[in-house]
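For reference, coords-v4.txt (compact mmCIF, C-alpha atoms):
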```txt
# COMPACT_ATOMS: atom_id res chain seq x y z
CA MET A 25 283.94 308.14 287.21
CA MET A 26 285.17 309.71 284.07
CA SER A 27 286.48 312.95 282.70
CA LEU A 28 287.33 314.08 279.21
CA ALA A 29 288.71 317.45 280.06
CA ASN A 30 291.12 319.77 278.30
CA HIS A 31 292.28 323.37 278.45
CA GLY A 32 293.76 326.03 276.22
CA LEU A 33 297.43 325.38 275.45
CA THR A 34 299.92 327.17 277.68
CA ALA A 35 303.60 327.60 277.09
CA ARG A 36 304.94 326.62 280.51
CA ARG A 37 304.71 322.86 280.93
CA THR A 38 306.92 320.37 282.65
CA ASP A 39 308.45 317.98 280.17
CA TYR A 40 309.27 315.28 282.70
CA LEU A 41 306.47 312.96 281.65
CA ALA A 42 307.12 313.70 278.01
CA ARG A 43 310.63 312.33 278.48
CA HIS A 44 309.92 309.42 280.79
CA HIS A 45 306.34 308.20 280.74
CA GLN A 46 303.89 306.26 278.65
CA PRO A 47 300.11 306.81 278.39
CA PRO A 48 298.24 306.12 281.64
CA TRP A 49 296.46 302.88 280.84
CA SER A 50 294.36 301.35 283.58
CA VAL A 51 293.48 297.69 283.50
CA THR A 52 290.47 298.05 281.27
CA ALA A 53 291.81 297.18 277.84
CA PRO A 54 289.53 295.17 275.50
CA ARG A 55 289.01 291.60 276.65
CA PRO A 56 287.70 288.40 275.07
CA VAL A 57 283.94 287.90 274.76
CA ILE A 58 282.32 285.39 277.05
CA ALA A 59 278.82 284.04 277.26
CA ALA A 60 276.21 285.66 279.49
CA VAL A 61 276.38 283.17 282.33
CA ARG A 62 276.60 283.59 286.08
CA GLY A 63 279.40 281.07 286.61
CA ARG A 64 283.07 281.51 285.90
CA SER A 65 284.60 280.08 282.76
CA SER A 66 287.74 277.99 283.16
CA ARG A 67 288.56 278.76 279.53
CA LEU A 68 288.51 282.53 279.94
CA ARG A 69 291.79 284.15 278.96
CA VAL A 70 292.39 287.74 280.03
CA VAL A 71 295.00 289.63 278.04
CA ALA A 72 296.69 292.92 278.81
CA ASP A 73 296.81 295.80 276.36
CA ALA A 74 298.93 294.91 273.36
CA SER A 75 301.26 297.86 273.83
CA HIS A 76 302.32 296.90 277.33
CA THR A 77 305.69 295.48 278.29
CA THR A 78 306.59 293.99 281.62
CA GLN A 79 309.00 296.82 282.36
CA ALA A 80 307.33 299.46 284.53
CA SER A 81 307.73 303.15 283.87
CA SER A 82 310.70 304.92 285.41
CA LYS A 83 309.93 305.93 288.97
CA ILE A 84 309.51 309.62 289.65
CA PRO A 85 312.46 310.65 291.82
CA GLY A 86 311.77 312.24 295.17
CA THR A 87 308.13 311.25 295.39
CA ASN A 88 306.54 309.42 298.29
CA LYS A 89 304.40 306.35 298.61
CA VAL A 90 300.90 305.84 297.20
CA VAL A 91 298.72 303.26 298.95
CA CYS A 92 295.45 302.30 297.26
CA ILE A 93 292.94 300.27 299.24
CA GLY A 94 289.68 298.77 298.03
CA GLU A 95 288.12 296.45 295.51
CA ALA A 96 289.70 294.63 292.58
CA LEU A 97 287.17 292.86 290.41
CA PHE A 98 286.03 291.94 286.95
CA ASP A 99 283.46 294.15 285.24
CA LEU A 100 281.46 291.98 282.85
CA ILE A 101 280.41 294.62 280.35
CA ALA A 102 277.52 293.95 277.99
CA ASP A 103 278.50 293.71 274.34
CA GLN A 104 274.99 294.66 273.24
CA LYS A 105 273.85 298.17 274.08
CA GLY A 106 270.39 299.15 275.24
CA LEU A 107 269.41 295.75 276.66
CA PRO A 108 268.59 294.64 280.21
CA ARG A 109 270.87 292.07 281.81
CA ASP A 110 268.63 289.10 281.04
CA LYS A 111 268.57 290.00 277.34
CA VAL A 112 272.31 290.50 276.86
CA LYS A 113 273.84 287.71 274.77
CA SER A 114 277.53 288.12 275.57
CA TRP A 115 279.80 290.00 277.93
CA THR A 116 283.38 291.22 277.83
CA PRO A 117 285.33 290.93 281.12
CA HIS A 118 287.45 293.92 282.12
CA ALA A 119 289.84 293.70 285.05
CA GLY A 120 289.16 296.70 287.23
CA GLY A 121 287.65 298.14 290.36
CA ALA A 122 288.33 301.82 290.94
CA PRO A 123 291.16 301.47 293.52
CA CYS A 124 292.79 298.80 291.35
CA ASN A 125 292.57 301.04 288.27
CA VAL A 126 294.09 303.97 290.15
CA ALA A 127 296.90 301.76 291.46
CA THR A 128 297.84 300.40 288.05
CA ALA A 129 297.59 303.77 286.31
CA ALA A 130 299.67 305.50 288.99
CA ALA A 131 302.30 302.78 288.84
CA ARG A 132 302.49 303.05 285.06
CA LEU A 133 303.02 306.79 285.47
CA GLY A 134 306.05 306.19 287.67
CA LEU A 135 304.73 306.31 291.23
CA ASP A 136 305.63 303.83 293.97
CA VAL A 137 302.29 302.11 294.58
CA THR A 138 301.10 299.48 297.05
CA PHE A 139 297.67 298.00 296.48
CA VAL A 140 295.64 296.62 299.39
CA THR A 141 292.69 294.40 298.57
CA ALA A 142 291.28 290.93 299.22
CA LEU A 143 291.02 288.41 296.37
CA GLY A 144 289.67 284.91 296.15
CA ASP A 145 291.94 281.93 295.70
CA ASP A 146 290.51 281.43 292.22
CA GLU A 147 291.17 282.08 288.54
CA TRP A 148 289.82 285.64 288.64
CA GLY A 149 292.08 286.46 291.58
CA GLU A 150 295.17 285.08 289.89
CA LYS A 151 294.46 287.03 286.73
CA LEU A 152 294.03 290.27 288.67
CA LEU A 153 297.30 289.68 290.48
CA ALA A 154 299.04 289.05 287.18
CA VAL A 155 297.67 292.25 285.65
CA CYS A 156 298.70 294.35 288.66
CA ARG A 157 302.11 292.74 288.92
CA ASP A 158 302.70 293.27 285.21
CA ARG A 159 302.09 297.00 285.67
CA GLY A 160 304.53 297.43 288.52
CA VAL A 161 302.10 297.51 291.47
CA GLN A 162 303.41 296.16 294.78
CA LEU A 163 301.14 293.38 296.01
CA HIS A 164 302.61 292.33 299.37
CA ALA A 165 299.50 293.63 301.19
CA VAL A 166 296.95 291.67 299.13
CA GLN A 167 294.89 289.32 301.30
CA ARG A 168 293.36 285.98 300.25
CA PRO A 169 290.48 285.11 302.63
CA ALA A 170 289.65 281.42 302.51
CA GLY A 171 286.45 280.37 300.79
CA ARG A 172 285.64 283.81 299.36
CA PRO A 173 285.50 284.34 295.57
CA THR A 174 286.85 287.32 293.65
CA ARG A 175 284.12 289.82 292.80
CA ASP A 176 282.47 290.05 289.40
CA VAL A 177 279.97 292.76 288.44
CA TYR A 178 277.58 292.80 285.49
CA VAL A 179 277.47 296.14 283.68
CA VAL A 180 274.84 296.98 281.06
CA ARG A 181 275.09 299.91 278.66
CA ASP A 182 272.43 302.17 277.24
CA SER A 183 272.26 303.16 273.58
CA THR A 184 274.87 305.89 274.12
CA GLY A 185 277.31 303.57 275.88
CA ASP A 186 276.66 304.94 279.37
CA ARG A 187 277.04 302.24 282.00
CA GLU A 188 274.80 300.93 284.75
CA PHE A 189 275.73 298.29 287.27
CA ALA A 190 273.25 295.41 286.99
CA GLY A 191 274.18 293.09 289.84
CA PHE A 192 276.72 290.43 290.71
CA GLY A 193 277.50 286.83 289.91
CA LEU A 194 276.62 286.06 293.54
CA PRO A 195 273.20 286.96 294.96
CA GLY A 196 272.52 290.00 297.09
CA THR A 197 274.73 293.07 297.40
CA GLY A 198 277.96 291.15 297.05
CA GLU A 199 278.59 290.62 300.74
CA GLY A 200 280.04 287.18 300.05
CA TYR A 201 282.99 288.30 297.93
CA ALA A 202 286.58 288.39 299.15
CA ASP A 203 286.89 292.19 298.98
CA ALA A 204 284.12 292.50 301.57
CA PHE A 205 286.61 291.03 304.06
CA ILE A 206 289.73 293.20 303.93
CA ASP A 207 291.24 292.59 307.38
CA PRO A 208 292.07 295.81 309.27
CA GLU A 209 294.94 293.96 310.96
CA GLY A 210 296.60 293.28 307.61
CA LEU A 211 297.08 296.88 306.48
CA PRO A 212 300.58 298.24 305.66
CA LEU A 213 300.17 301.18 308.02
CA GLY A 214 303.91 301.75 308.18
CA GLU A 215 303.85 302.93 304.58
CA LEU A 216 301.52 305.81 305.43
CA ARG A 217 304.31 308.26 306.14
CA PRO A 218 304.32 312.07 305.90
CA GLY A 219 303.96 312.95 302.23
CA ALA A 220 302.42 309.61 301.27
CA VAL A 221 299.03 309.47 299.57
CA LEU A 222 296.25 307.10 300.65
CA VAL A 223 293.59 306.49 298.00
CA THR A 224 290.31 304.81 298.86
CA GLY A 225 286.93 304.46 297.26
CA THR A 226 283.58 304.23 299.02
CA LEU A 227 282.10 300.90 297.87
CA GLY A 228 283.85 299.01 300.67
CA LEU A 229 281.89 300.99 303.24
CA SER A 230 278.94 298.71 302.46
CA TYR A 231 280.63 295.79 304.18
CA PRO A 232 281.46 295.96 307.93
CA VAL A 233 284.90 294.28 307.84
CA THR A 234 286.22 296.25 304.87
CA ALA A 235 284.62 299.45 306.21
CA ALA A 236 286.62 299.02 309.40
CA ALA A 237 289.78 298.58 307.34
CA LEU A 238 289.10 301.73 305.33
CA ARG A 239 288.47 303.79 308.44
CA ARG A 240 291.56 302.46 310.16
CA ALA A 241 293.70 303.30 307.13
CA VAL A 242 292.29 306.83 306.93
CA ALA A 243 292.85 307.42 310.64
CA ALA A 244 296.43 306.16 310.40
CA ALA A 245 297.11 308.31 307.33
CA ARG A 246 295.85 311.45 308.99
CA GLU A 247 297.83 310.75 312.15
CA ALA A 248 300.99 310.19 310.10
CA GLY A 249 300.57 313.33 308.01
CA ALA A 250 299.78 311.51 304.77
CA THR A 251 297.27 312.90 302.25
CA VAL A 252 293.89 311.16 302.09
CA LEU A 253 292.22 311.16 298.68
CA ILE A 254 288.75 309.62 298.55
CA ASP A 255 287.37 308.78 295.13
CA VAL A 256 283.60 308.58 295.53
CA ASN A 257 281.84 305.76 293.74
CA TRP A 258 278.07 305.82 294.13
CA ARG A 259 276.70 302.42 293.08
CA PRO A 260 273.27 301.59 294.58
CA VAL A 261 273.67 297.90 293.69
CA PHE A 262 276.24 297.63 296.50
CA TRP A 263 273.83 298.80 299.20
CA ASN A 264 270.67 297.50 300.87
CA ASP A 265 269.63 300.82 302.45
CA LEU A 266 270.27 303.79 300.16
CA PRO A 267 269.49 306.62 302.64
CA ALA A 268 271.81 305.01 305.17
CA ALA A 269 274.43 304.53 302.46
CA LYS A 270 274.43 308.22 301.60
CA LYS A 271 274.82 309.16 305.25
CA THR A 272 277.68 306.69 305.68
CA ILE A 273 279.54 307.99 302.63
CA LEU A 274 279.10 311.65 303.53
CA GLU A 275 280.38 311.02 307.05
CA TYR A 276 283.40 309.18 305.64
CA LEU A 277 284.20 312.07 303.32
CA GLN A 278 284.67 314.39 306.28
CA SER A 279 288.05 312.69 306.82
CA ALA A 280 289.33 313.38 303.29
CA ASP A 281 291.92 315.92 302.22
CA VAL A 282 290.93 315.62 298.56
CA ILE A 283 287.54 314.42 297.31
CA LYS A 284 286.92 313.37 293.74
CA LEU A 285 283.31 312.99 292.54
CA SER A 286 281.61 312.48 289.21
CA ASP A 287 278.61 314.59 288.29
CA ALA A 288 276.38 311.57 289.04
CA ASP A 289 277.98 311.11 292.48
CA LEU A 290 277.52 314.79 293.21
CA GLU A 291 273.83 314.84 292.38
CA ALA A 292 273.04 311.58 294.17
CA LEU A 293 274.89 312.38 297.40
CA CYS A 294 274.71 316.17 297.66
CA ASP A 295 271.75 317.06 295.45
CA ILE A 296 273.96 319.52 293.59
CA LYS A 297 273.37 319.92 289.88
CA LEU A 298 276.28 319.85 287.49
CA ALA A 299 275.48 323.36 286.26
CA LEU A 300 276.25 324.77 289.71
CA ALA A 301 279.44 322.73 290.03
CA LEU A 302 280.68 324.14 286.72
CA ILE A 303 279.67 327.72 287.46
CA ASN A 304 280.81 327.75 291.10
CA PRO A 305 283.00 324.75 292.04
CA CYS A 306 283.53 326.17 295.50
CA ALA A 307 279.84 325.61 296.22
CA VAL A 308 280.72 321.93 296.20
CA ALA A 309 283.75 322.47 298.44
CA GLU A 310 281.53 324.22 300.98
CA ARG A 311 279.80 320.90 301.61
CA PHE A 312 283.12 319.43 302.74
CA PRO A 313 284.70 321.98 305.10
CA ASN A 314 287.42 319.58 306.29
CA ALA A 315 288.75 318.87 302.81
CA ARG A 316 291.55 320.84 301.20
CA GLY A 317 289.96 320.45 297.78
CA VAL A 318 287.34 318.83 295.57
CA LEU A 319 287.47 317.59 291.99
CA VAL A 320 284.31 317.09 289.92
CA THR A 321 284.46 315.18 286.64
CA ALA A 322 281.59 315.46 284.19
CA GLY A 323 282.42 313.61 281.01
CA PRO A 324 281.91 315.76 277.91
CA GLU A 325 281.21 318.80 280.12
CA GLY A 326 284.77 318.75 281.44
CA ALA A 327 285.98 318.98 285.02
CA SER A 328 285.86 321.57 287.79
CA TYR A 329 287.90 322.02 290.95
CA CYS A 330 288.14 324.14 294.08
CA PHE A 331 291.06 323.99 296.52
CA ARG A 332 291.81 325.92 299.67
CA SER A 333 295.37 327.18 299.81
CA PRO A 334 297.41 327.20 303.03
CA SER A 335 296.82 330.94 303.18
CA LYS A 336 293.05 330.27 303.36
CA GLY A 337 292.40 331.58 299.88
CA GLU A 338 290.58 329.51 297.27
CA HIS A 339 291.72 328.52 293.79
CA SER A 340 289.06 327.16 291.46
CA GLY A 341 288.39 326.66 287.81
CA VAL A 342 286.73 324.67 285.05
CA VAL A 343 288.58 322.66 282.42
CA PRO A 344 286.60 322.04 279.21
CA ALA A 345 286.49 318.65 277.54
CA PHE A 346 288.71 317.00 275.02
CA GLU A 347 287.08 315.94 271.79
CA VAL A 348 287.52 312.18 271.64
CA GLY A 349 285.37 309.49 270.08
CA VAL A 350 284.31 307.63 273.21
CA THR A 351 282.59 304.26 273.14
CA ASP A 352 283.26 303.18 276.73
CA THR A 353 284.28 305.38 279.65
CA THR A 354 285.19 302.52 281.99
CA GLY A 355 288.25 303.46 284.03
CA ALA A 356 288.56 307.01 282.70
CA GLY A 357 287.79 308.61 286.04
CA ASP A 358 290.37 306.39 287.70
CA ALA A 359 293.02 307.46 285.20
CA PHE A 360 292.02 311.06 286.03
CA THR A 361 292.68 310.38 289.71
CA ALA A 362 296.05 308.81 289.00
CA GLY A 363 297.07 311.71 286.78
CA PHE A 364 296.19 314.20 289.49
CA ILE A 365 298.23 312.29 292.07
CA VAL A 366 301.24 312.34 289.74
CA LYS A 367 301.13 316.12 289.39
CA MET A 368 300.53 316.54 293.12
CA ALA A 369 303.66 314.48 293.77
CA GLN A 370 305.69 316.49 291.27
CA ALA A 371 304.54 319.74 292.89
CA GLY A 372 305.86 318.60 296.25
CA GLY A 373 302.60 317.53 297.87
CA LEU A 374 299.10 318.82 298.43
CA GLY A 375 300.16 321.94 300.31
CA ALA A 376 302.46 323.14 297.55
CA LEU A 377 299.97 322.28 294.83
CA SER A 378 296.99 323.99 296.46
CA ALA A 379 299.07 327.12 297.08
CA ASN A 380 299.96 327.54 293.41
CA PRO A 381 296.97 328.21 291.09
CA GLN A 382 299.00 327.59 287.93
CA LEU A 383 300.31 324.21 289.09
CA LEU A 384 296.85 323.30 290.34
CA LYS A 385 295.26 323.99 286.98
CA GLU A 386 298.00 322.08 285.21
CA ALA A 387 297.35 319.12 287.53
CA VAL A 388 293.66 319.06 286.61
CA VAL A 389 294.51 319.46 282.93
CA PHE A 390 296.96 316.57 283.10
CA ALA A 391 294.46 314.42 284.99
CA SER A 392 291.84 315.20 282.38
CA ALA A 393 294.23 314.33 279.58
CA ALA A 394 294.92 311.00 281.27
CA GLY A 395 291.21 310.19 281.36
CA ALA A 396 290.69 311.31 277.79
CA LYS A 397 293.68 309.35 276.56
CA LEU A 398 292.37 306.19 278.17
CA ASP A 399 288.93 306.67 276.63
CA SER A 400 290.34 307.35 273.21
CA PHE A 401 292.66 304.39 272.98
CA ALA A 402 290.28 301.96 274.65
CA LYS A 403 288.19 302.17 271.47
CA LEU A 404 291.03 301.84 268.94
CA GLU A 405 291.71 298.31 267.79
CA THR A 406 294.41 298.97 265.22
CA GLY A 407 297.34 296.69 264.62
CA HIS A 408 300.09 299.02 265.83
CA THR A 409 301.08 299.80 269.37
CA HIS A 410 300.45 303.10 271.12
CA ARG A 411 303.54 303.67 273.25
CA ARG A 412 304.15 307.35 272.68
CA THR A 413 305.36 310.11 274.93
CA TYR A 414 303.08 312.76 276.33
CA PRO A 415 302.06 315.49 273.94
CA SER A 416 302.21 319.15 273.24
CA ILE A 417 299.65 319.90 275.95
CA ILE A 418 302.42 319.00 278.40
CA THR A 419 305.49 320.46 276.66
CA HIS A 420 304.08 322.83 274.02
CA ARG A 421 307.04 321.83 271.84
CA ASN A 422 304.95 320.59 268.93
CA PRO A 423 301.50 322.22 268.93
CA PRO A 424 299.01 320.64 266.52
CA SER A 425 298.46 322.18 263.10
CA PRO A 426 296.82 321.12 259.84
CA THR A 427 300.25 320.05 258.58
CA ASN A 428 301.11 317.62 261.38
CA ILE A 429 297.88 315.73 262.04
CA PRO A 430 299.00 312.27 263.18
CA SER A 431 298.01 309.23 261.17
CA SER A 432 296.37 307.75 264.28
CA CYS A 433 293.66 310.45 264.28
CA PRO A 434 290.45 308.89 262.93
CA ARG A 435 289.29 312.35 261.80
CA ARG A 436 292.52 313.37 260.08
CA LYS A 437 290.72 313.83 256.76
CA GLN A 438 287.95 315.87 258.33
CA SER A 439 287.84 319.46 259.51
CA HIS A 440 287.93 319.52 263.32
CA ASN A 441 289.31 321.48 266.26
CA LEU A 442 292.88 320.24 266.57
CA HIS A 443 293.36 321.77 270.01
CA ARG A 444 290.41 319.79 271.39
CA CYS A 445 291.28 316.50 269.69
CA VAL A 446 293.24 314.14 271.93
CA HIS A 447 294.73 312.36 268.91
CA CYS A 448 296.16 315.57 267.49
CA LEU A 449 297.36 316.85 270.85
CA PHE A 450 299.15 313.58 271.62
CA ASN A 451 301.26 313.69 268.45
```

Whole structure given in structure tokens:
Amino acid sequence: MMSLANHGLTARRTDYLARHHQPPWSVTAPRPVIAAVRGRSSRLRVVADASHTTQASSKIPGTNKVVCIGEALFDLIADQKGLPRDKVKSWTPHAGGAPCNVATAAARLGLDVTFVTALGDDEWGEKLLAVCRDRGVQLHAVQRPAGRPTRDVYVVRDSTGDREFAGFGLPGTGEGYADAFIDPEGLPLGELRPGAVLVTGTLGLSYPVTAAALRRAVAAAREAGATVLIDVNWRPVFWNDLPAAKKTILEYLQSADVIKLSDADLEALCDIKLALALINPCAVAERFPNARGVLVTAGPEGASYCFRSPSKGEHSGVVPAFEVGVTDTTGAGDAFTAGFIVKMAQAGGLGALSANPQLLKEAVVFASAAGAKLDSFAKLETGHTHRRTYPSIITHRNPPSPTNIPSSCPRRKQSHNLHRCVHCLFN
């Protein structure tokens, strides 16, 4: 679910975000450490990123609605790397869930976002609502099923920091959590108008009630002429029957206009190696003939894309990776998705974007920069805030050089590629 992609600098860039927007944080800023226990702590205090203010970013004029539907949860991420769950000594809670991350990032970038989920009437649920509300997300469609707790997921990390989901606070596949019971009758279907964007994940397909809600939302979006973007999230811990899970997800993807996958999702679901996706992105698109386009994110390998234009031609490409010092990629892929939606909105919708190869590449570049920016600043714990405008990769007004390396760059005293360093590009 991550991407650290970049491109060569080009001179023609919109400066709208440079004038009006702040970096695309999701809700995964560093959190307090808690003990490795299965229960919830009444003393847990979740804080937002220090740079945030309660004032949301200026809304992008002329854009339509974004509706995100799916899970909001707490990832309990292991503080100690390379250990199994039963050996981890402490965990750091991160408010998240892919649809929640996309919603908050898109709202921070100036889009009009409604988030649809189901939360427990508990401390976790209240904290998630507070985080989303603080970032400008509209929450009128959030459901609170009685007697169901808010989801928490344990996440262990290997020695390199790569994550693996290691189970839930509740037993089983998490079928007892609130987000397994998103009521199809409680969806804001009236907001799925022509030009709107519906964003869903795939984890909710594991649970019959939420699966019905997802399918109803997709059907309503397609009937209304809205764009359906499905952000694949392959997590075996959510499923009892993995072969059946793959079939269910692949069938669901046939209703998407845009499909976003990580390299791990691609290999698990389609048995397509990353090398092929980078060499020939349209080989991935061929697996999804109903979709207008596919996006594949691959961490340090960059991102690839293939979109079918209204004229039936194809536009594809590969965007190489930013150089950032990454310690945790949580939420980076969701920031990528939000960044892409922003550029799609600015282009005038999916049809206009897919018809213009230059705008399409710029959208993937911007999305990649959003993911890289999140990764980079998630690891910085300096005392100053990071509320800066978007960089020279967007406007090309101040390209990086050895004479203007920003003080925030941790490698400013070292020789490195300034055009691949997210700190130097965002100066």

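One distance worth recording is that between CA of Ile254 (chain A) and CA of Phe360 (chain A), which is 13.0 Å.
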
Pick out the residues sitting within 9 Å of Lys284 (chain A), and hand them over as number ranges by chain; count only C-alpha atoms, and ignore anything fewer than 2 positions along from it in its own chain.
A: 25, 253-256, 282, 286, 317-321, 361

Need the shell around region 200-204 of chain A: protein/DNA/RNA residues with any atom at most 8 Å away, counting only C-alpha atoms. Skip same-chain ones fewer than 3 positions apart. Format as a PyMOL selection string?
chain A and resi 94-96+141-144+168-169+172-175+194+228+231-234

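The interatomic distance for the pair CA of Cys294 (chain A) and CA of Gly373 (chain A) works out to 27.9 Å.
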
Spatial neighbours of region 387-389 of chain A, 6 Å, all atoms listed in the file, chain gap at least 3 places, as a PyMOL selection string
chain A and resi 30+364+367+384+392

When you look at Arg181 (chain A) with a cut-off of 6 Å (counting all atoms listed in the file), what residues show up, excluding the ones that are within fewer than 5 positions of it in the same chain? I need them as a PyMOL selection string.
chain A and resi 105-106+186-187

Would you kindly identify which residues have an atom no farther than 6 Å from (276.4, 294.7, 287.1), using all atoms listed in the file and the file's own coordinates, and write them out as a list in words?
Val177, Tyr178, Val179, Phe189, Ala190, Gly191 and Phe192 of chain A

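Here CA of Asp182 (chain A) stands at a distance of 16.6 Å from CA of Pro324 (chain A).
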
List as a PyMOL selection string the protein and nucleic acid residues near Thr138 (chain A), meaning an atom at most 9 Å away when all atoms listed in the file are counted, but skip any in the same chain fewer than 3 places from it.
chain A and resi 89-93+127+131+161-165+212+215

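Candidate residues A:Glu291, A:Asp265, A:Asp158, A:Glu209 were compared for distance to Thr197 (chain A), and the nearest is A:Asp265, using all atoms listed in the file.
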
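The closest residue to Lys385 (chain A), picked from A:Ser340, A:Thr184, A:Ser335, A:Thr272 and counting only C-alpha atoms, is A:Ser340.
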